[in-house]
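Novice: Starting off with a structure, shown below.
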Amino acid sequence: MAASPEAPFQDSAVSGPLGPDREERVLGTFGWRQGRRLRQGAIVLATLLGCQAMAAAQMPRASVAVLLPTGPDRARVSFLDGFQLGQDAVRSCGLKPLIPDWRPFAWDGDPLALFPSGTVPSLVVAPYAADLRAFSKLAEISDARVLLPLQRGASLQRLKGLDAGGRLWPLVPSREEDYRALATDALKRGWKRLVVVRDPTTLQGEAAAAFVELFQGDGGQVLSYNETLLQDVDPSRPEQLSQLAQDLAWLAPDAMVLAAPPDGALAQALRQAQRQGEFVPAHPTWIWLLPADQAARLPSQDWPQLALKRPAVGPAWAAFANRFQQRFGREPDQLAAAGYETARVLALSTLAPSPVSSEGTRDPLGWIDPDAEVSPLCEAMARRRDGQRVRLEGVASRFDLRAGQAPSGRASTRLIAAQ
């Protein structure tokens with residue numbers, strides 16, 4: 001199957017073939033680059049793959065496949081570290097963890113080609129930021145359920161259309177939850193009138209429209225003299241920078257939203273113009289539409305800056321992050337949390353017979369009740385054995401999991417004070 005225009009990643013964090021640009025955009029999201037961890041991660045992967053046969057006689061095996069991308073290593077290791085921690089949680093409840101069918105998967109591969117005999121497992125864990133069209137086809141043909149560990153970007157907008165049968169299950173909140181936190185915080189600080197400036201050639205530029213919709217939906221006002229509410233500025237054209245300065249003087253916004261890379265040409269040109277007093281008001285606050293790892297590296301300026309501190313996660317994140325830090329010596333990211341959730345979901349999915357779906361077939365995720373009161377893992381296992389539907393204490397999200405719909409979570413922001 002040929003790669004789709006957005007394949008293999010269909011997320012706003014990545015695009016294009018596997019190369020330096022993709023690796024920077026994928027792995028930059030996870031924010032750690034220590035070679036020692038890569039070597040340890042390679043050992044982890046080899047252990048997981050190489051010891052399956054030895055452990056099969058001691059641990060239960062189920063019809064579950066986990067597709068691991070063949071690269072990049074840092075992202076894979078992050079997922080596997082989280083998965084190991086999830087298996088530890090399962091063991092602490094007295095259950096031997098599941099041995100899934102680990103399968104390497106090329107970014108532009110066809111998942112159906114991994115199962116030539118037609119025996120697709122009832123539950124498949126897709127790679128992070130998967131090609132939804134390929135896995136929708138797999139689910140439809142095989143009636144399998146597909147977990148999507150890290151699907152956050154624009155592809156989610158097409159998920160319902162692709163998943164008419166309700167077989168694709170995202171595990172983490174969409175990026176809109178991050179933009180919602182920024183919009184809400186801006187309004188709480190009294191910044192009700194904004195100008196949104198974007199570099200339309202970058203990934204950050206894709207976030208501007210989503211932010212505008214959320215901000216206006218909460219009662220804010222986006223100002224513009226253009227036909228659209230987005231001020232597209234090409235830093236190589238001085239007349240566009242001059243026009244922006246005039247618009248800021250006339251509109252007098254409370255803050256300026258910047259959808260552009262912090263080290264890009266547009267951001268550098270705007271910093272220079274603001275330092276030189278070319279804007280009125282002289283030092284408008286900046287609101288950055290950036291992933292949390294990029295926002296963490298923002299230096300202070302002569303004006304305040306509002307940025308994302310942590311992407312949307314679930315209420316049990318703090319306890320998970322503490323355990324992860326103690327075990328691996330670093331802060332976890334969303335992919336590690338997705339690995340942790342995956343291990344717990346696999347355990348509960350294979351603990352008892354799968355519920356019967358409305359179509360009369362077994363649904364390995366039919367035990368999830370997104371509206372139920374949350375339960376600790378051990379309690380959820382006991383209830384699952386009794387045939388009850390359950391909802392776990394969420395780490396990567398609030399665990400209000402549904403097919404065809406991203407779960408909810410809560411993001412946090414931070415204000416970088418003027419220097």
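Chain labels A, B, ... are given in the sequence in which chains occur in the structure tokens; within each chain residues are numbered consecutively from 1, and ligands are likewise numbered from 1 in the order shown.
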Please report as JSON lines every residue of segment 184-302 of chain A lying within 12 Å of segment 328-342 of chain A, along with the nearest atom pair and their distance in Å (one decimal), using only C-alpha atoms.

Specialist:
{"residue": "A:Pro291", "atom": "CA", "partner": "A:Gln334", "partner_atom": "CA", "distance": 11.4}
{"residue": "A:Ala292", "atom": "CA", "partner": "A:Asp333", "partner_atom": "CA", "distance": 9.9}
{"residue": "A:Asp293", "atom": "CA", "partner": "A:Asp333", "partner_atom": "CA", "distance": 9.3}

Novice: Can you write out the residues you just picked, keeping N, CA, C and O atoms, as a CSV table (one decimal), in the first residue's frame?

Specialist:
chain,number,residue,atom,x,y,z
A,291,PRO,N,4.1,23.2,21.4
A,291,PRO,CA,4.1,22.1,22.2
A,291,PRO,C,4.9,22.4,23.5
A,291,PRO,O,5.7,23.3,23.6
A,292,ALA,N,4.6,21.6,24.6
A,292,ALA,CA,5.1,22.0,25.9
A,292,ALA,C,6.7,21.9,25.9
A,292,ALA,O,7.3,22.7,26.6
A,293,ASP,N,7.3,20.9,25.1
A,293,ASP,CA,8.7,20.8,25.2
A,293,ASP,C,9.4,22.0,24.5
A,293,ASP,O,10.4,22.5,25.0

Novice: Which residues, written as a PyMOL selection string, have at least one atom at most 9 Å from Arg391 of chain A, with only C-alpha atoms counted and residues fewer than 4 positions away on the same chain left out?

Specialist: chain A and resi 367-376+380+399-401

Novice: Restricted to all heavy atoms, what would the selected residues look like written as an mmCIF file, in the first residue's frame?

Specialist:
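Saved to part_29.cif:
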data_model
loop_
_atom_site.group_PDB
_atom_site.id
_atom_site.type_symbol
_atom_site.label_atom_id
_atom_site.label_comp_id
_atom_site.auth_asym_id
_atom_site.auth_seq_id
_atom_site.Cartn_x
_atom_site.Cartn_y
_atom_site.Cartn_z
ATOM 1 N N TRP A 367 -15.583 -3.544 27.795
ATOM 2 C CA TRP A 367 -15.643 -3.412 29.250
ATOM 3 C C TRP A 367 -15.447 -1.972 29.714
ATOM 4 O O TRP A 367 -15.661 -1.663 30.884
ATOM 5 C CB TRP A 367 -14.583 -4.291 29.905
ATOM 6 C CG TRP A 367 -13.199 -4.042 29.374
ATOM 7 C CD1 TRP A 367 -12.598 -4.681 28.329
ATOM 8 C CD2 TRP A 367 -12.264 -3.072 29.849
ATOM 9 N NE1 TRP A 367 -11.345 -4.171 28.122
ATOM 10 C CE2 TRP A 367 -11.107 -3.186 29.045
ATOM 11 C CE3 TRP A 367 -12.276 -2.129 30.868
ATOM 12 C CZ2 TRP A 367 -9.978 -2.382 29.225
ATOM 13 C CZ3 TRP A 367 -11.154 -1.320 31.055
ATOM 14 C CH2 TRP A 367 -10.020 -1.455 30.244
ATOM 15 N N ILE A 368 -15.035 -1.087 28.814
ATOM 16 C CA ILE A 368 -14.758 0.306 29.197
ATOM 17 C C ILE A 368 -16.067 1.079 29.310
ATOM 18 O O ILE A 368 -16.874 1.097 28.380
ATOM 19 C CB ILE A 368 -13.826 0.977 28.171
ATOM 20 C CG1 ILE A 368 -12.467 0.266 28.133
ATOM 21 C CG2 ILE A 368 -13.654 2.461 28.497
ATOM 22 C CD1 ILE A 368 -11.533 0.791 27.076
ATOM 23 N N ASP A 369 -16.259 1.728 30.433
ATOM 24 C CA ASP A 369 -17.427 2.586 30.656
ATOM 25 C C ASP A 369 -16.934 4.009 30.896
ATOM 26 O O ASP A 369 -16.501 4.340 32.005
ATOM 27 C CB ASP A 369 -18.236 2.100 31.852
ATOM 28 C CG ASP A 369 -19.520 2.901 32.062
ATOM 29 O OD1 ASP A 369 -19.696 3.921 31.366
ATOM 30 O OD2 ASP A 369 -20.329 2.512 32.924
ATOM 31 N N PRO A 370 -16.970 4.886 29.883
ATOM 32 C CA PRO A 370 -16.404 6.228 30.030
ATOM 33 C C PRO A 370 -17.158 7.113 31.010
ATOM 34 O O PRO A 370 -16.640 8.158 31.416
ATOM 35 C CB PRO A 370 -16.477 6.797 28.612
ATOM 36 C CG PRO A 370 -17.600 6.051 27.963
ATOM 37 C CD PRO A 370 -17.549 4.677 28.542
ATOM 38 N N ASP A 371 -18.350 6.721 31.397
ATOM 39 C CA ASP A 371 -19.164 7.538 32.302
ATOM 40 C C ASP A 371 -19.186 7.003 33.732
ATOM 41 O O ASP A 371 -19.838 7.591 34.601
ATOM 42 C CB ASP A 371 -20.602 7.628 31.781
ATOM 43 C CG ASP A 371 -20.683 8.281 30.411
ATOM 44 O OD1 ASP A 371 -20.004 9.307 30.205
ATOM 45 O OD2 ASP A 371 -21.403 7.763 29.540
ATOM 46 N N ALA A 372 -18.503 5.905 33.977
ATOM 47 C CA ALA A 372 -18.521 5.301 35.310
ATOM 48 C C ALA A 372 -17.618 6.067 36.269
ATOM 49 O O ALA A 372 -16.767 6.863 35.859
ATOM 50 C CB ALA A 372 -18.074 3.843 35.223
ATOM 51 N N GLU A 373 -17.811 5.830 37.563
ATOM 52 C CA GLU A 373 -16.876 6.351 38.558
ATOM 53 C C GLU A 373 -15.525 5.654 38.365
ATOM 54 O O GLU A 373 -15.463 4.469 38.039
ATOM 55 C CB GLU A 373 -17.404 6.083 39.966
ATOM 56 C CG GLU A 373 -18.686 6.832 40.307
ATOM 57 C CD GLU A 373 -18.452 8.337 40.389
ATOM 58 O OE1 GLU A 373 -17.333 8.741 40.793
ATOM 59 O OE2 GLU A 373 -19.379 9.096 40.059
ATOM 60 N N VAL A 374 -14.447 6.405 38.595
ATOM 61 C CA VAL A 374 -13.126 5.829 38.355
ATOM 62 C C VAL A 374 -12.799 4.803 39.427
ATOM 63 O O VAL A 374 -13.259 4.889 40.573
ATOM 64 C CB VAL A 374 -12.039 6.919 38.316
ATOM 65 C CG1 VAL A 374 -12.287 7.879 37.174
ATOM 66 C CG2 VAL A 374 -11.981 7.678 39.632
ATOM 67 N N SER A 375 -11.994 3.810 39.036
ATOM 68 C CA SER A 375 -11.586 2.751 39.948
ATOM 69 C C SER A 375 -10.072 2.580 39.871
ATOM 70 O O SER A 375 -9.491 2.652 38.786
ATOM 71 C CB SER A 375 -12.242 1.414 39.573
ATOM 72 O OG SER A 375 -13.648 1.488 39.620
ATOM 73 N N PRO A 376 -9.411 2.330 41.014
ATOM 74 C CA PRO A 376 -8.003 1.940 40.978
ATOM 75 C C PRO A 376 -7.855 0.631 40.203
ATOM 76 O O PRO A 376 -8.817 -0.133 40.063
ATOM 77 C CB PRO A 376 -7.635 1.771 42.450
ATOM 78 C CG PRO A 376 -8.686 2.511 43.209
ATOM 79 C CD PRO A 376 -9.930 2.421 42.384
ATOM 80 N N ALA A 380 -10.529 -2.337 39.677
ATOM 81 C CA ALA A 380 -11.076 -2.524 38.330
ATOM 82 C C ALA A 380 -10.912 -3.959 37.866
ATOM 83 O O ALA A 380 -11.795 -4.513 37.196
ATOM 84 C CB ALA A 380 -10.386 -1.563 37.359
ATOM 85 N N PHE A 399 -9.462 8.981 31.001
ATOM 86 C CA PHE A 399 -9.897 7.621 30.708
ATOM 87 C C PHE A 399 -11.384 7.547 30.373
ATOM 88 O O PHE A 399 -12.056 6.554 30.623
ATOM 89 C CB PHE A 399 -9.584 6.656 31.856
ATOM 90 C CG PHE A 399 -9.268 5.260 31.368
ATOM 91 C CD1 PHE A 399 -7.999 4.921 30.954
ATOM 92 C CD2 PHE A 399 -10.252 4.289 31.306
ATOM 93 C CE1 PHE A 399 -7.717 3.639 30.483
ATOM 94 C CE2 PHE A 399 -9.987 3.011 30.848
ATOM 95 C CZ PHE A 399 -8.709 2.688 30.430
ATOM 96 N N ASP A 400 -11.895 8.619 29.793
ATOM 97 C CA ASP A 400 -13.252 8.577 29.256
ATOM 98 C C ASP A 400 -13.156 8.137 27.793
ATOM 99 O O ASP A 400 -13.496 8.872 26.871
ATOM 100 C CB ASP A 400 -13.947 9.926 29.405
ATOM 101 C CG ASP A 400 -13.077 11.093 28.978
ATOM 102 O OD1 ASP A 400 -11.852 10.911 28.756
ATOM 103 O OD2 ASP A 400 -13.601 12.213 28.850
ATOM 104 N N LEU A 401 -12.692 6.904 27.628
ATOM 105 C CA LEU A 401 -12.369 6.386 26.296
ATOM 106 C C LEU A 401 -13.627 5.999 25.541
ATOM 107 O O LEU A 401 -14.520 5.339 26.077
ATOM 108 C CB LEU A 401 -11.443 5.173 26.409
ATOM 109 C CG LEU A 401 -10.121 5.371 27.169
ATOM 110 C CD1 LEU A 401 -9.299 4.095 27.131
ATOM 111 C CD2 LEU A 401 -9.329 6.542 26.609
#

Novice: Write out as a PyMOL selection string the residues lying within 6 Å of Thr285 of chain A, counting only C-alpha atoms and excluding same-chain residues fewer than 4 positions away.

Specialist: chain A and resi 255+303-305

Novice: May I have all residues of segment 239-288 of chain A that DSSP, computed from the backbone, assigns to helix (DSSP H, G or I), given as a JSON list (two decimals) with N, CA and C atoms, in the first residue's frame?

Specialist:
[["chain", "number", "residue", "atom", "x", "y", "z"],
["A", 239, "GLU", "N", 7.00, 44.87, 4.03],
["A", 239, "GLU", "CA", 5.71, 45.57, 4.02],
["A", 239, "GLU", "C", 4.67, 44.85, 4.87],
["A", 240, "GLN", "N", 4.78, 43.52, 4.99],
["A", 240, "GLN", "CA", 3.84, 42.79, 5.85],
["A", 240, "GLN", "C", 4.12, 43.05, 7.32],
["A", 241, "LEU", "N", 5.39, 43.13, 7.70],
["A", 241, "LEU", "CA", 5.72, 43.49, 9.08],
["A", 241, "LEU", "C", 5.25, 44.91, 9.39],
["A", 242, "SER", "N", 5.40, 45.81, 8.44],
["A", 242, "SER", "CA", 4.95, 47.18, 8.64],
["A", 242, "SER", "C", 3.43, 47.23, 8.79],
["A", 243, "GLN", "N", 2.73, 46.44, 7.99],
["A", 243, "GLN", "CA", 1.28, 46.40, 8.08],
["A", 243, "GLN", "C", 0.83, 45.86, 9.44],
["A", 244, "LEU", "N", 1.54, 44.84, 9.93],
["A", 244, "LEU", "CA", 1.21, 44.31, 11.25],
["A", 244, "LEU", "C", 1.38, 45.38, 12.32],
["A", 245, "ALA", "N", 2.46, 46.15, 12.25],
["A", 245, "ALA", "CA", 2.68, 47.21, 13.23],
["A", 245, "ALA", "C", 1.54, 48.22, 13.20],
["A", 246, "GLN", "N", 1.06, 48.57, 12.00],
["A", 246, "GLN", "CA", -0.06, 49.50, 11.89],
["A", 246, "GLN", "C", -1.33, 48.90, 12.48],
["A", 247, "ASP", "N", -1.56, 47.62, 12.21],
["A", 247, "ASP", "CA", -2.76, 46.96, 12.75],
["A", 247, "ASP", "C", -2.73, 46.93, 14.27],
["A", 248, "LEU", "N", -1.57, 46.63, 14.85],
["A", 248, "LEU", "CA", -1.47, 46.62, 16.31],
["A", 248, "LEU", "C", -1.75, 48.00, 16.90],
["A", 249, "ALA", "N", -1.27, 49.04, 16.21],
["A", 249, "ALA", "CA", -1.51, 50.41, 16.70],
["A", 249, "ALA", "C", -2.99, 50.75, 16.67],
["A", 250, "TRP", "N", -3.68, 50.34, 15.61],
["A", 250, "TRP", "CA", -5.11, 50.66, 15.47],
["A", 250, "TRP", "C", -5.97, 49.78, 16.38],
["A", 251, "LEU", "N", -5.63, 48.53, 16.46],
["A", 251, "LEU", "CA", -6.50, 47.59, 17.18],
["A", 251, "LEU", "C", -6.23, 47.57, 18.68],
["A", 265, "ALA", "N", 12.23, 32.57, 11.52],
["A", 265, "ALA", "CA", 12.47, 33.92, 11.01],
["A", 265, "ALA", "C", 11.38, 34.90, 11.45],
["A", 266, "LEU", "N", 10.11, 34.45, 11.50],
["A", 266, "LEU", "CA", 9.04, 35.36, 11.89],
["A", 266, "LEU", "C", 9.18, 35.77, 13.35],
["A", 267, "ALA", "N", 9.41, 34.82, 14.24],
["A", 267, "ALA", "CA", 9.55, 35.15, 15.66],
["A", 267, "ALA", "C", 10.74, 36.08, 15.88],
["A", 268, "GLN", "N", 11.84, 35.83, 15.18],
["A", 268, "GLN", "CA", 13.01, 36.69, 15.33],
["A", 268, "GLN", "C", 12.72, 38.11, 14.85],
["A", 269, "ALA", "N", 12.03, 38.24, 13.73],
["A", 269, "ALA", "CA", 11.69, 39.56, 13.22],
["A", 269, "ALA", "C", 10.75, 40.31, 14.16],
["A", 270, "LEU", "N", 9.79, 39.60, 14.74],
["A", 270, "LEU", "CA", 8.85, 40.24, 15.66],
["A", 270, "LEU", "C", 9.55, 40.66, 16.96],
["A", 271, "ARG", "N", 10.47, 39.83, 17.45],
["A", 271, "ARG", "CA", 11.23, 40.22, 18.64],
["A", 271, "ARG", "C", 12.02, 41.51, 18.39],
["A", 272, "GLN", "N", 12.67, 41.55, 17.25],
["A", 272, "GLN", "CA", 13.47, 42.73, 16.94],
["A", 272, "GLN", "C", 12.59, 43.97, 16.84],
["A", 273, "ALA", "N", 11.45, 43.85, 16.17],
["A", 273, "ALA", "CA", 10.56, 44.99, 16.01],
["A", 273, "ALA", "C", 10.02, 45.44, 17.36],
["A", 274, "GLN", "N", 9.70, 44.48, 18.24],
["A", 274, "GLN", "CA", 9.14, 44.84, 19.53],
["A", 274, "GLN", "C", 10.20, 45.50, 20.43],
["A", 275, "ARG", "N", 11.42, 44.97, 20.38],
["A", 275, "ARG", "CA", 12.49, 45.58, 21.19],
["A", 275, "ARG", "C", 12.79, 47.01, 20.73]]
